[in-house]
Amino acid sequence: MSASGASPQLAIIDCRHDLARPDWGRQEFAAAHIPGAAFAHLDEVLSGPVTAQTGRHPLPDAEQLAAFLGAAGVTASTHVVAYDQDKGMYAARLWWLLRWLGHERVSVLNGGLAAWRAAQLPLATAQPPRRAAQFSARPSLVQSVTTPEVARELGAGHMLLLDARPADRFAGQNETIDPVAGHVPGARSQPFALNLAADGRLQPAAVLAKMWHSVLGATPPAQVVAMCGSGVTACHNLLAMQLAGLPGARLYAGSFSEWIRDPARSVATGPAP
């Protein structure tokens with residue numbers, strides 16, 4: 001065991017977050033976390049600066065993210081386990097980002113800290129100094145698309161755009177986060193919650209495979225693009241597709257909050273057809 005309490009071949013990263021309370025995850029981490037874990041804030045580590053052209057959670061600078069991972073003790077051979085409070089939507093963001101940096105050895109703790117607590121496993125409050133490592137990005141294992149690419153490919157019928165937000169937000173109802181309600185015209189609703197069992201954990205791979213094969217039909221994964229409000233919960237759908245044996249879908253990192261930055265872009269409302 002290393003000084004941080006975790007194996008040098010294992011790095012645990014806490015991704016807990018609450019969109020309405022940005023400091024909540026950090027406060028909860030200080031109060032109790034999995035021993036040896038480091039904390040990655042969604043806004044500060046797992047996203048880049050917001051501008052007038054971006055969505056709410058643009059992709060981070062790759063070098064800065066790599067520096068954070070190195071400081072957390074991650075090397076090319078480290079197995080990274082990401083967790084959040086329960087459903088995995090924030091942990092899935094780190095899962096995708098690590099693959100974006102070419103790191104394949106990454107998992108999401110199914111059920112998050114809620115499952116850890118339910119199993120009565122130990123928690124820690126201390127944050128011992130951790131041994132820094134050198135982490136370098138390698139060729140990416142995943143792809144993202146830009147807003148112009150979405151507009152072009154969707155308009156040409158070359159893309160299946162799946163929106164991971166709840167169905168009511170997709171329909172333009174109960175919008176409390178973004179200033180415009182609705183969805184990208186031509187997108188389909190595919191709430192990330194459908195990947196979860198009643199206990200909030202990911203469905204078994206066989207169940208995910210059956211559901212996602214039905215969703216995609218004859219569309220190959222390479223033509224699928226996942227989106228949501230800001231490119232976070234979309235990663236949960238990409239994780240579910242990976243577990244279902246359907247890798248290769250892309251992420252619309254800017255998602256709806258970037259799409260609506262330009263009022264000239266059309267927005268649709270109402271449920272998916």
# chains A, B, ... in the order shown; residues from 1 in each chain; ligands from 1
call {"tool": "residues_around", "arguments": {"residues": "range 65-69 of chain A", "least_positions_apart": "5", "cutoff": "10 Å", "atoms": "only C-alpha atoms", "output": "list in words"}}
result
Ala11, Ile13, Ala38, Ala40, Glu44, Val45, Leu46, Ser47, Gly48, Leu59, Pro60, Val74, Thr75, Val80, Leu97, Leu98, Leu101, Ala132, Ala133, Gln134, Phe135, Ser136 and Ala137 of chain A
call {"tool": "residues_around", "arguments": {"residues": "Gly270 in chain A", "least_positions_apart": "3", "cutoff": "8 Å", "atoms": "only C-alpha atoms", "output": "PyMOL selection string"}}
result
chain A and resi 170-172+182
call {"tool": "select_by_dssp", "arguments": {"residues": "range 46-241 of chain A", "states": "strand (DSSP E)", "output": "list in words"}}
result
His79, Val80, Val81, Ala82, Tyr83, Val106, Ser107, Val108, Ser144, Val145, Leu160, Leu161, Leu162, Asp163, Arg188, Ser189, Val224, Val225, Ala226 and Met227 of chain A
call {"tool": "closest_residue", "arguments": {"among": "A:Gln120, A:Pro35, A:Asp43, A:Pro220", "to": "Asp18 in chain A", "atoms": "only C-alpha atoms"}}
result
A:Asp43
call {"tool": "closest_residue", "arguments": {"among": "A:Leu19, A:Val108, A:Leu251, A:Ala114", "to": "Gly200 in chain A", "atoms": "only C-alpha atoms"}}
result
A:Ala114
call {"tool": "atom_distance", "arguments": {"atom1": "CA of Arg261 in chain A", "atom2": "CA of Lys87 in chain A"}}
result
28.8 Å
call {"tool": "residues_around", "arguments": {"residues": "range 205-212 of chain A", "least_positions_apart": "4", "cutoff": "9 Å", "atoms": "only C-alpha atoms", "output": "JSON, numbers by chain"}}
result
{"A": [194, 195, 216, 217, 240, 241, 243, 244, 245, 246]}
call {"tool": "write_last_selection", "arguments": {"atoms": "N, CA and C atoms", "output": "CSV table (one decimal), in the first residue's frame"}}
result
chain,number,residue,atom,x,y,z
A,194,LEU,N,-32.5,5.3,-18.0
A,194,LEU,CA,-32.9,4.0,-18.6
A,194,LEU,C,-31.8,2.9,-18.5
A,195,ASN,N,-30.6,3.4,-18.3
A,195,ASN,CA,-29.4,2.5,-18.1
A,195,ASN,C,-29.4,1.9,-16.7
A,216,LEU,N,-30.8,1.3,-31.2
A,216,LEU,CA,-30.0,1.6,-32.4
A,216,LEU,C,-30.6,1.0,-33.7
A,217,GLY,N,-31.2,-0.1,-33.5
A,217,GLY,CA,-31.7,-0.8,-34.7
A,217,GLY,C,-30.6,-1.1,-35.7
A,240,ALA,N,-22.8,3.0,-21.1
A,240,ALA,CA,-23.7,1.9,-21.2
A,240,ALA,C,-23.6,1.2,-22.6
A,241,MET,N,-23.4,2.0,-23.6
A,241,MET,CA,-23.2,1.3,-24.9
A,241,MET,C,-21.9,0.5,-25.0
A,243,LEU,N,-20.6,-1.1,-22.4
A,243,LEU,CA,-20.8,-2.3,-21.6
A,243,LEU,C,-21.8,-3.2,-22.4
A,244,ALA,N,-22.6,-2.6,-23.3
A,244,ALA,CA,-23.5,-3.4,-24.1
A,244,ALA,C,-22.8,-4.0,-25.3
A,245,GLY,N,-21.5,-3.8,-25.5
A,245,GLY,CA,-20.8,-4.3,-26.6
A,245,GLY,C,-21.0,-3.5,-27.9
A,246,LEU,N,-21.3,-2.2,-27.7
A,246,LEU,CA,-21.5,-1.3,-28.9
A,246,LEU,C,-20.7,-0.1,-28.8
call {"tool": "closest_residue", "arguments": {"among": "A:Pro166, A:Gly25, A:Gly254, A:Gly70", "to": "Val232 in chain A", "atoms": "only C-alpha atoms"}}
result
A:Gly254
call {"tool": "atom_distance", "arguments": {"atom1": "CA of Phe256 in chain A", "atom2": "CA of Gln173 in chain A"}}
result
14.4 Å
call {"tool": "atom_distance", "arguments": {"atom1": "CA of Phe39 in chain A", "atom2": "CA of Ala115 in chain A"}}
result
18.2 Å
call {"tool": "closest_residue", "arguments": {"among": "A:His17, A:Pro221, A:Val81, A:Gly229", "to": "Glu175 in chain A", "atoms": "only C-alpha atoms"}}
result
A:Gly229
call {"tool": "select_by_dssp", "arguments": {"residues": "range 40-257 of chain A", "states": "alpha helix (DSSP H)", "output": "ChimeraX atom specification"}}
result
/A:62-71,89-100,112-118,147-155,167-170,205-216,234-243,255-257
call {"tool": "residues_around", "arguments": {"residues": "Ala249 in chain A", "least_positions_apart": "3", "cutoff": "12 Å", "atoms": "only C-alpha atoms", "output": "JSON, numbers by chain"}}
result
{"A": [96, 141, 142, 143, 144, 145, 159, 160, 161, 162, 212, 216, 219, 220, 221, 222, 223, 224, 225, 226, 227, 234, 235, 236, 237, 238, 239, 240, 241, 242, 245, 246, 252]}
call {"tool": "closest_residue", "arguments": {"among": "A:Pro128, A:Pro58, A:Gly73, A:Gly248", "to": "Gln9 in chain A", "atoms": "only C-alpha atoms"}}
result
A:Gly73
call {"tool": "decode", "arguments": {"residues": "range 18-146 of chain A", "atoms": "C-alpha atoms", "output": "CSV table (one decimal), in the first residue's frame"}}
result
chain,number,residue,atom,x,y,z
A,18,ASP,CA,-24.5,18.7,-7.5
A,19,LEU,CA,-25.3,21.1,-10.3
A,20,ALA,CA,-27.4,23.3,-8.0
A,21,ARG,CA,-24.7,23.3,-5.3
A,22,PRO,CA,-21.2,23.4,-6.9
A,23,ASP,CA,-19.4,23.1,-3.6
A,24,TRP,CA,-21.4,20.2,-2.3
A,25,GLY,CA,-19.1,17.5,-3.7
A,26,ARG,CA,-16.0,19.0,-2.2
A,27,GLN,CA,-17.7,19.3,1.1
A,28,GLU,CA,-18.9,15.8,1.1
A,29,PHE,CA,-15.5,14.5,0.1
A,30,ALA,CA,-13.9,16.3,3.1
A,31,ALA,CA,-16.6,14.8,5.4
A,32,ALA,CA,-16.1,11.2,4.1
A,33,HIS,CA,-14.7,9.4,1.1
A,34,ILE,CA,-13.3,6.1,0.0
A,35,PRO,CA,-9.8,5.7,1.5
A,36,GLY,CA,-7.0,6.9,-0.8
A,37,ALA,CA,-9.4,8.7,-3.2
A,38,ALA,CA,-8.5,12.1,-4.8
A,39,PHE,CA,-11.3,14.6,-5.6
A,40,ALA,CA,-12.0,15.9,-9.1
A,41,HIS,CA,-14.4,18.8,-9.3
A,42,LEU,CA,-16.6,18.8,-12.3
A,43,ASP,CA,-16.3,22.5,-13.0
A,44,GLU,CA,-12.6,22.9,-12.2
A,45,VAL,CA,-11.0,19.6,-13.3
A,46,LEU,CA,-13.4,17.7,-15.6
A,47,SER,CA,-14.4,20.8,-17.6
A,48,GLY,CA,-12.7,23.8,-19.1
A,49,PRO,CA,-13.5,27.5,-18.8
A,50,VAL,CA,-17.0,28.5,-20.0
A,51,THR,CA,-17.1,31.2,-22.7
A,52,ALA,CA,-19.8,32.9,-24.7
A,53,GLN,CA,-19.5,30.2,-27.4
A,54,THR,CA,-19.3,27.1,-25.2
A,55,GLY,CA,-21.8,25.0,-23.3
A,56,ARG,CA,-21.8,24.8,-19.5
A,57,HIS,CA,-19.1,22.1,-19.3
A,58,PRO,CA,-16.7,22.3,-22.2
A,59,LEU,CA,-13.9,19.8,-22.4
A,60,PRO,CA,-10.9,20.5,-20.2
A,61,ASP,CA,-7.5,21.4,-21.5
A,62,ALA,CA,-5.9,18.0,-22.1
A,63,GLU,CA,-2.5,19.0,-20.6
A,64,GLN,CA,-4.1,20.4,-17.5
A,65,LEU,CA,-6.2,17.2,-17.0
A,66,ALA,CA,-3.1,15.1,-17.5
A,67,ALA,CA,-1.3,17.2,-14.9
A,68,PHE,CA,-4.1,16.6,-12.4
A,69,LEU,CA,-4.0,12.8,-13.1
A,70,GLY,CA,-0.3,12.7,-12.6
A,71,ALA,CA,-0.6,14.6,-9.3
A,72,ALA,CA,-3.2,12.0,-8.3
A,73,GLY,CA,-0.7,9.2,-8.9
A,74,VAL,CA,-2.0,8.0,-12.3
A,75,THR,CA,0.5,6.5,-14.7
A,76,ALA,CA,0.0,4.6,-18.0
A,77,SER,CA,-0.3,1.4,-16.0
A,78,THR,CA,-2.7,2.6,-13.3
A,79,HIS,CA,-6.2,1.3,-13.1
A,80,VAL,CA,-8.4,4.3,-12.3
A,81,VAL,CA,-11.8,3.8,-10.6
A,82,ALA,CA,-14.1,6.8,-10.7
A,83,TYR,CA,-17.2,7.1,-8.4
A,84,ASP,CA,-19.8,9.7,-7.6
A,85,GLN,CA,-22.7,9.7,-5.2
A,86,ASP,CA,-24.8,7.0,-6.8
A,87,LYS,CA,-25.9,6.8,-10.4
A,88,GLY,CA,-22.6,7.3,-12.1
A,89,MET,CA,-23.3,10.3,-14.3
A,90,TYR,CA,-20.3,12.3,-13.1
A,91,ALA,CA,-18.0,9.3,-12.8
A,92,ALA,CA,-18.9,8.5,-16.4
A,93,ARG,CA,-17.6,11.9,-17.4
A,94,LEU,CA,-14.1,11.0,-16.0
A,95,TRP,CA,-14.4,7.6,-17.6
A,96,TRP,CA,-14.8,9.2,-21.0
A,97,LEU,CA,-12.2,11.8,-20.4
A,98,LEU,CA,-9.6,9.3,-19.5
A,99,ARG,CA,-10.3,7.4,-22.7
A,100,TRP,CA,-10.2,10.7,-24.5
A,101,LEU,CA,-6.6,10.9,-23.2
A,102,GLY,CA,-5.9,7.4,-24.4
A,103,HIS,CA,-6.1,5.7,-21.0
A,104,GLU,CA,-8.0,2.4,-21.3
A,105,ARG,CA,-7.7,1.1,-17.7
A,106,VAL,CA,-10.6,3.0,-16.2
A,107,SER,CA,-13.8,1.8,-14.5
A,108,VAL,CA,-16.9,3.3,-12.8
A,109,LEU,CA,-17.8,2.1,-9.4
A,110,ASN,CA,-21.3,0.7,-9.9
A,111,GLY,CA,-23.7,2.4,-7.4
A,112,GLY,CA,-21.1,4.9,-6.3
A,113,LEU,CA,-20.5,5.9,-2.8
A,114,ALA,CA,-24.1,4.9,-1.9
A,115,ALA,CA,-23.3,1.2,-2.8
A,116,TRP,CA,-20.0,1.5,-0.9
A,117,ARG,CA,-21.8,2.7,2.2
A,118,ALA,CA,-24.5,0.0,1.8
A,119,ALA,CA,-21.8,-2.6,1.9
A,120,GLN,CA,-20.5,-1.1,5.1
A,121,LEU,CA,-17.0,-0.5,3.7
A,122,PRO,CA,-14.6,1.9,5.4
A,123,LEU,CA,-14.6,5.6,4.8
A,124,ALA,CA,-11.9,8.2,5.4
A,125,THR,CA,-11.6,11.9,6.1
A,126,ALA,CA,-7.9,12.3,5.9
A,127,GLN,CA,-6.1,13.2,2.7
A,128,PRO,CA,-2.5,11.9,3.1
A,129,PRO,CA,0.1,13.3,0.7
A,130,ARG,CA,0.1,11.2,-2.5
A,131,ARG,CA,3.1,10.3,-4.6
A,132,ALA,CA,3.0,12.3,-7.8
A,133,ALA,CA,3.5,10.4,-11.1
A,134,GLN,CA,4.0,11.3,-14.8
A,135,PHE,CA,0.8,11.0,-16.9
A,136,SER,CA,1.0,11.7,-20.6
A,137,ALA,CA,-1.8,11.6,-23.1
A,138,ARG,CA,-1.7,9.0,-25.7
A,139,PRO,CA,-3.8,8.6,-28.9
A,140,SER,CA,-7.5,9.0,-28.1
A,141,LEU,CA,-9.8,6.0,-27.8
A,142,VAL,CA,-12.9,8.1,-28.3
A,143,GLN,CA,-14.2,10.9,-30.5
A,144,SER,CA,-16.2,14.1,-30.0
A,145,VAL,CA,-18.1,16.2,-32.4
A,146,THR,CA,-18.5,20.0,-32.7
